[in-house]
Every structure is written in structure tokens, then in C-alpha cells.
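J.: You'll find entry-v1.tsv just under this line, and it carries TSV, N, CA and C atoms and all ligand atoms.
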chain	number	residue	atom	x	y	z
A	259	MET	N	-33.02	49.27	-31.61
A	259	MET	CA	-34.31	49.98	-31.50
A	259	MET	C	-34.65	50.21	-30.03
A	260	PRO	N	-35.15	51.36	-29.75
A	260	PRO	CA	-35.41	51.68	-28.34
A	260	PRO	C	-36.68	51.02	-27.82
A	261	ILE	N	-36.56	50.51	-26.63
A	261	ILE	CA	-37.74	50.00	-25.94
A	261	ILE	C	-38.02	50.94	-24.77
A	262	TYR	N	-39.19	51.51	-24.77
A	262	TYR	CA	-39.54	52.43	-23.70
A	262	TYR	C	-40.54	51.77	-22.76
A	263	GLU	N	-40.52	52.25	-21.54
A	263	GLU	CA	-41.49	51.77	-20.57
A	263	GLU	C	-42.60	52.80	-20.44
A	264	TYR	N	-43.80	52.29	-20.42
A	264	TYR	CA	-44.96	53.15	-20.28
A	264	TYR	C	-45.79	52.70	-19.10
A	265	GLN	N	-46.56	53.63	-18.59
A	265	GLN	CA	-47.48	53.28	-17.53
A	265	GLN	C	-48.86	53.79	-17.89
A	266	CYS	N	-49.84	52.92	-17.70
A	266	CYS	CA	-51.22	53.29	-17.94
A	266	CYS	C	-51.72	54.14	-16.78
A	267	GLU	N	-52.35	55.25	-17.11
A	267	GLU	CA	-52.84	56.13	-16.05
A	267	GLU	C	-54.17	55.65	-15.50
A	268	LYS	N	-54.72	54.67	-16.14
A	268	LYS	CA	-56.01	54.16	-15.68
A	268	LYS	C	-55.83	52.98	-14.72
A	269	CYS	N	-55.11	51.94	-15.18
A	269	CYS	CA	-54.94	50.76	-14.33
A	269	CYS	C	-53.58	50.74	-13.65
A	270	ARG	N	-52.73	51.74	-13.97
A	270	ARG	CA	-51.43	51.91	-13.34
A	270	ARG	C	-50.45	50.79	-13.66
A	271	LYS	N	-50.75	49.99	-14.62
A	271	LYS	CA	-49.82	48.92	-14.96
A	271	LYS	C	-48.74	49.45	-15.91
A	272	GLU	N	-47.54	48.90	-15.73
A	272	GLU	CA	-46.42	49.30	-16.57
A	272	GLU	C	-46.20	48.26	-17.65
A	273	PHE	N	-45.79	48.73	-18.81
A	273	PHE	CA	-45.50	47.80	-19.89
A	273	PHE	C	-44.41	48.37	-20.77
A	274	GLU	N	-43.73	47.49	-21.45
A	274	GLU	CA	-42.67	47.92	-22.35
A	274	GLU	C	-43.20	47.96	-23.77
A	275	TYR	N	-42.70	48.91	-24.52
A	275	TYR	CA	-43.16	49.04	-25.90
A	275	TYR	C	-41.98	49.31	-26.80
A	276	LEU	N	-41.87	48.54	-27.84
A	276	LEU	CA	-40.80	48.72	-28.81
A	276	LEU	C	-41.23	49.80	-29.80
A	277	VAL	N	-40.55	50.93	-29.75
A	277	VAL	CA	-40.94	52.06	-30.59
A	277	VAL	C	-40.31	51.91	-31.97
A	278	ILE	N	-41.15	51.77	-32.96
A	278	ILE	CA	-40.67	51.63	-34.33
A	278	ILE	C	-41.13	52.84	-35.14
A	279	GLY	N	-40.16	53.53	-35.73
A	279	GLY	CA	-40.50	54.68	-36.55
A	279	GLY	C	-41.15	55.82	-35.79
A	280	GLY	N	-40.86	55.88	-34.50
A	280	GLY	CA	-41.38	56.99	-33.71
A	280	GLY	C	-42.83	56.85	-33.28
A	281	SER	N	-43.44	55.72	-33.63
A	281	SER	CA	-44.84	55.55	-33.23
A	281	SER	C	-44.91	55.06	-31.79
A	282	GLU	N	-45.77	55.68	-31.03
A	282	GLU	CA	-45.89	55.32	-29.63
A	282	GLU	C	-47.25	54.67	-29.38
A	283	PRO	N	-47.31	53.89	-28.33
A	283	PRO	CA	-48.59	53.23	-28.03
A	283	PRO	C	-49.63	54.26	-27.58
A	284	ASP	N	-50.83	54.11	-28.05
A	284	ASP	CA	-51.88	55.03	-27.63
A	284	ASP	C	-52.94	54.33	-26.80
A	285	THR	N	-52.76	53.03	-26.63
A	285	THR	CA	-53.70	52.32	-25.76
A	285	THR	C	-52.94	51.36	-24.85
A	286	CYS	N	-53.49	51.16	-23.67
A	286	CYS	CA	-52.91	50.23	-22.71
A	286	CYS	C	-53.24	48.80	-23.13
A	287	PRO	N	-52.24	47.91	-23.15
A	287	PRO	CA	-52.49	46.52	-23.55
A	287	PRO	C	-53.29	45.75	-22.51
A	288	HIS	N	-53.40	46.29	-21.32
A	288	HIS	CA	-54.10	45.58	-20.25
A	288	HIS	C	-55.58	45.93	-20.20
A	289	CYS	N	-55.86	47.23	-20.20
A	289	CYS	CA	-57.26	47.66	-20.06
A	289	CYS	C	-57.74	48.45	-21.27
A	290	ARG	N	-56.84	48.64	-22.24
A	290	ARG	CA	-57.15	49.41	-23.44
A	290	ARG	C	-57.51	50.86	-23.14
A	291	GLY	N	-56.99	51.33	-22.01
A	291	GLY	CA	-57.18	52.74	-21.69
A	291	GLY	C	-56.40	53.62	-22.64
A	292	LYS	N	-56.86	54.80	-22.84
A	292	LYS	CA	-56.26	55.70	-23.83
A	292	LYS	C	-55.19	56.59	-23.24
A	293	ARG	N	-54.98	56.50	-21.96
A	293	ARG	CA	-54.00	57.40	-21.35
A	293	ARG	C	-52.79	56.61	-20.88
A	294	VAL	N	-51.72	56.74	-21.63
A	294	VAL	CA	-50.47	56.11	-21.23
A	294	VAL	C	-49.38	57.17	-21.24
A	295	SER	N	-48.46	57.06	-20.30
A	295	SER	CA	-47.37	58.02	-20.23
A	295	SER	C	-46.04	57.28	-20.19
A	296	ARG	N	-45.06	57.87	-20.83
A	296	ARG	CA	-43.77	57.20	-20.90
A	296	ARG	C	-43.00	57.39	-19.60
A	297	LEU	N	-42.39	56.33	-19.14
A	297	LEU	CA	-41.59	56.39	-17.93
A	297	LEU	C	-40.13	56.64	-18.30
A	298	MET	N	-39.41	57.20	-17.36
A	298	MET	CA	-37.99	57.39	-17.56
A	298	MET	C	-37.31	56.02	-17.60
A	299	SER	N	-36.56	55.78	-18.64
A	299	SER	CA	-35.88	54.50	-18.76
A	299	SER	C	-34.83	54.33	-17.67
A	300	ALA	N	-34.82	53.18	-17.06
A	300	ALA	CA	-33.84	52.93	-16.01
A	300	ALA	C	-32.43	52.94	-16.57
A	301	CYS	N	-32.27	52.44	-17.78
A	301	CYS	CA	-30.94	52.40	-18.38
A	301	CYS	C	-30.46	53.79	-18.75
A	302	GLY	N	-31.35	54.60	-19.30
A	302	GLY	CA	-30.97	55.97	-19.63
A	302	GLY	C	-30.58	56.72	-18.39
A	303	PHE	N	-31.28	56.45	-17.34
A	303	PHE	CA	-30.99	57.07	-16.06
A	303	PHE	C	-29.60	56.66	-15.58
A	304	LEU	N	-29.29	55.40	-15.75
A	304	LEU	CA	-28.02	54.89	-15.29
A	304	LEU	C	-26.85	55.46	-16.08
A	305	SER	N	-27.03	55.61	-17.38
A	305	SER	CA	-25.91	56.02	-18.22
A	305	SER	C	-25.49	57.45	-17.91
A	306	LYS	N	-26.37	58.23	-17.29
A	306	LYS	CA	-26.01	59.60	-16.94
A	306	LYS	C	-25.11	59.66	-15.71
A	307	GLY	N	-25.21	58.67	-14.85
A	307	GLY	CA	-24.44	58.69	-13.62
A	307	GLY	C	-22.98	58.39	-13.87
A	308	SER	N	-22.13	58.89	-12.99
A	308	SER	CA	-20.71	58.63	-13.14
A	308	SER	C	-20.31	57.33	-12.45
A	309	GLY	N	-20.89	57.10	-11.27
A	309	GLY	CA	-20.60	55.87	-10.55
A	309	GLY	C	-21.73	54.86	-10.74
A	310	GLY	N	-21.47	53.83	-11.51
A	310	GLY	CA	-22.53	52.88	-11.85
A	310	GLY	C	-23.14	52.21	-10.63
A	311	GLU	N	-22.31	51.77	-9.75
A	311	GLU	CA	-22.80	51.01	-8.61
A	311	GLU	C	-23.73	51.85	-7.74
A	312	THR	N	-23.29	53.05	-7.42
A	312	THR	CA	-24.07	53.89	-6.51
A	312	THR	C	-25.38	54.32	-7.16
A	313	THR	N	-25.29	54.69	-8.44
A	313	THR	CA	-26.47	55.17	-9.12
A	313	THR	C	-27.50	54.05	-9.23
A	314	ARG	N	-27.00	52.86	-9.50
A	314	ARG	CA	-27.89	51.74	-9.66
A	314	ARG	C	-28.63	51.49	-8.35
A	315	ALA	N	-27.90	51.59	-7.25
A	315	ALA	CA	-28.52	51.31	-5.96
A	315	ALA	C	-29.59	52.35	-5.63
A	316	SER	N	-29.31	53.62	-5.93
A	316	SER	CA	-30.26	54.66	-5.58
A	316	SER	C	-31.45	54.67	-6.53
A	317	ALA	N	-31.23	54.22	-7.75
A	317	ALA	CA	-32.31	54.24	-8.72
A	317	ALA	C	-33.28	53.08	-8.50
A	318	GLY	N	-32.84	52.07	-7.79
A	318	GLY	CA	-33.70	50.90	-7.60
A	318	GLY	C	-33.40	49.87	-8.66
A	319	THR	N	-33.36	48.62	-8.26
A	319	THR	CA	-32.91	47.59	-9.17
A	319	THR	C	-34.06	46.85	-9.84
A	320	SER	N	-35.26	47.03	-9.37
A	320	SER	CA	-36.36	46.25	-9.92
A	320	SER	C	-36.63	46.63	-11.37
A	321	ALA	N	-36.62	47.92	-11.65
A	321	ALA	CA	-36.92	48.36	-13.01
A	321	ALA	C	-35.84	47.93	-13.98
A	322	CYS	N	-34.58	48.07	-13.56
A	322	CYS	CA	-33.49	47.75	-14.46
A	322	CYS	C	-33.28	46.24	-14.57
A	323	GLY	N	-33.91	45.49	-13.70
A	323	GLY	CA	-33.78	44.04	-13.80
A	323	GLY	C	-34.30	43.54	-15.13
A	324	SER	N	-35.47	44.02	-15.51
A	324	SER	CA	-36.02	43.62	-16.79
A	324	SER	C	-35.33	44.36	-17.92
A	325	CYS	N	-34.91	45.58	-17.62
A	325	CYS	CA	-34.30	46.40	-18.67
A	325	CYS	C	-32.99	45.80	-19.14
A	326	SER	N	-32.20	45.30	-18.20
A	326	SER	CA	-30.90	44.76	-18.59
A	326	SER	C	-31.05	43.55	-19.49
A	327	ALA	N	-32.15	42.85	-19.33
A	327	ALA	CA	-32.34	41.68	-20.17
A	327	ALA	C	-32.89	42.05	-21.54
A	328	ALA	N	-33.69	43.09	-21.58
A	328	ALA	CA	-34.40	43.38	-22.82
A	328	ALA	C	-33.77	44.48	-23.65
A	329	SER	N	-33.30	45.54	-23.01
A	329	SER	CA	-32.98	46.71	-23.81
A	329	SER	C	-31.66	47.40	-23.46
A	330	CYS	N	-30.89	46.86	-22.56
A	330	CYS	CA	-29.66	47.56	-22.21
A	330	CYS	C	-28.69	47.57	-23.37
A	331	GLY	N	-28.79	46.59	-24.26
A	331	GLY	CA	-27.91	46.58	-25.40
A	331	GLY	C	-28.13	47.79	-26.29
A	332	SER	N	-29.36	48.20	-26.41
A	332	SER	CA	-29.69	49.31	-27.31
A	332	SER	C	-29.37	50.66	-26.70
A	333	CYS	N	-29.24	50.71	-25.39
A	333	CYS	CA	-28.96	52.01	-24.77
A	333	CYS	C	-27.48	52.13	-24.43
A	334	GLY	N	-26.68	51.20	-24.88
A	334	GLY	CA	-25.24	51.31	-24.73
A	334	GLY	C	-24.73	51.00	-23.34
A	335	HIS	N	-25.55	50.31	-22.58
A	335	HIS	CA	-25.12	50.02	-21.23
A	335	HIS	C	-24.73	48.55	-21.12
B	401	ZN	ZN	-54.42	50.08	-18.39
I'd like the structure from this file rewritten - as C-alpha cells, please.
Ligand SMILES: [Zn+2]

T.:
Amino acid sequence: MPIYEYQCEKCRKEFEYLVIGGSEPDTCPHCRGKRVSRLMSACGFLSKGSGGETTRASAGTSACGSCSAASCGSCGH
């Protein structure tokens, strides 16, 4: 099952959400704001690159640090 990262447009906090049956979060878990936007998955970004090492370095490792633990299995990485 895909886990997507979202960011609240109100408090700017990022959170992960397990999407089940295509339902997406409509409220921020931190401030309950109604405006959340999906972020580009770090793993999805990585799988497009040809050179893993270089792409990982340019994409930044902080986002994929949590991703590799939680959701890299589901994105085939
Ligand atoms: Zn919020």
C-alpha cells in the first residue's frame, strides 16, 4: 500500500499518510487545517533516476531517510 507524504499549507508540517482505497487526508493531523497537498515521494523520485547514488545525493537524504524505513518496500526500491 502506498504511503504518501503530505504537507499542511497552514502550519507547513509534513506528515505521512497511508492511502487506502484512494482516500486522501483532508485535514492536517497537527492543526486540523483543511489544506493539505501531496509531496513528491522521495522514493518515487529515486526510482526514476538511472544512477542511484548521484540521484540520492541531489535529491537530499533527509526525506528518504524516513521513507526507506517506512515505504520503500512498497515502491520497489
Ligand atoms: Zn497543519

J.: Between A:Cys289, A:Pro283, A:Leu297, A:Val277, which is the closest to Ile261 in chain A once you count all atoms listed in the file?

T.: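 Of the candidates, the smallest distance to Ile261 in chain A is held by A:Val277.
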
J.: Using all atoms listed in the file, determine which residues fall within 6 Å of ligand ZN 401 (chain B), then list them as an NGL selection string.

T.: :A and (266-271 or 286-291)

J.: Expressed in Å to a single decimal, how great is the separation between CA of Met259 in chain A and CA of Val294 in chain A?

T.: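 Separating CA of Met259 in chain A from CA of Val294 in chain A is a distance of 20.1 Å.
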
J.: Using Å and a single decimal, report how far CA of Gly279 in chain A sits from CA of Gln265 in chain A.

T.: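 Taking CA of Gln265 in chain A and CA of Gly279 in chain A, their separation equals 20.3 Å.
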
J.: Give me, please, the distance in Å between atom C of Ser295 in chain A and atom C of Tyr264 in chain A, quoted to one decimal.

T.: 4.7 Å
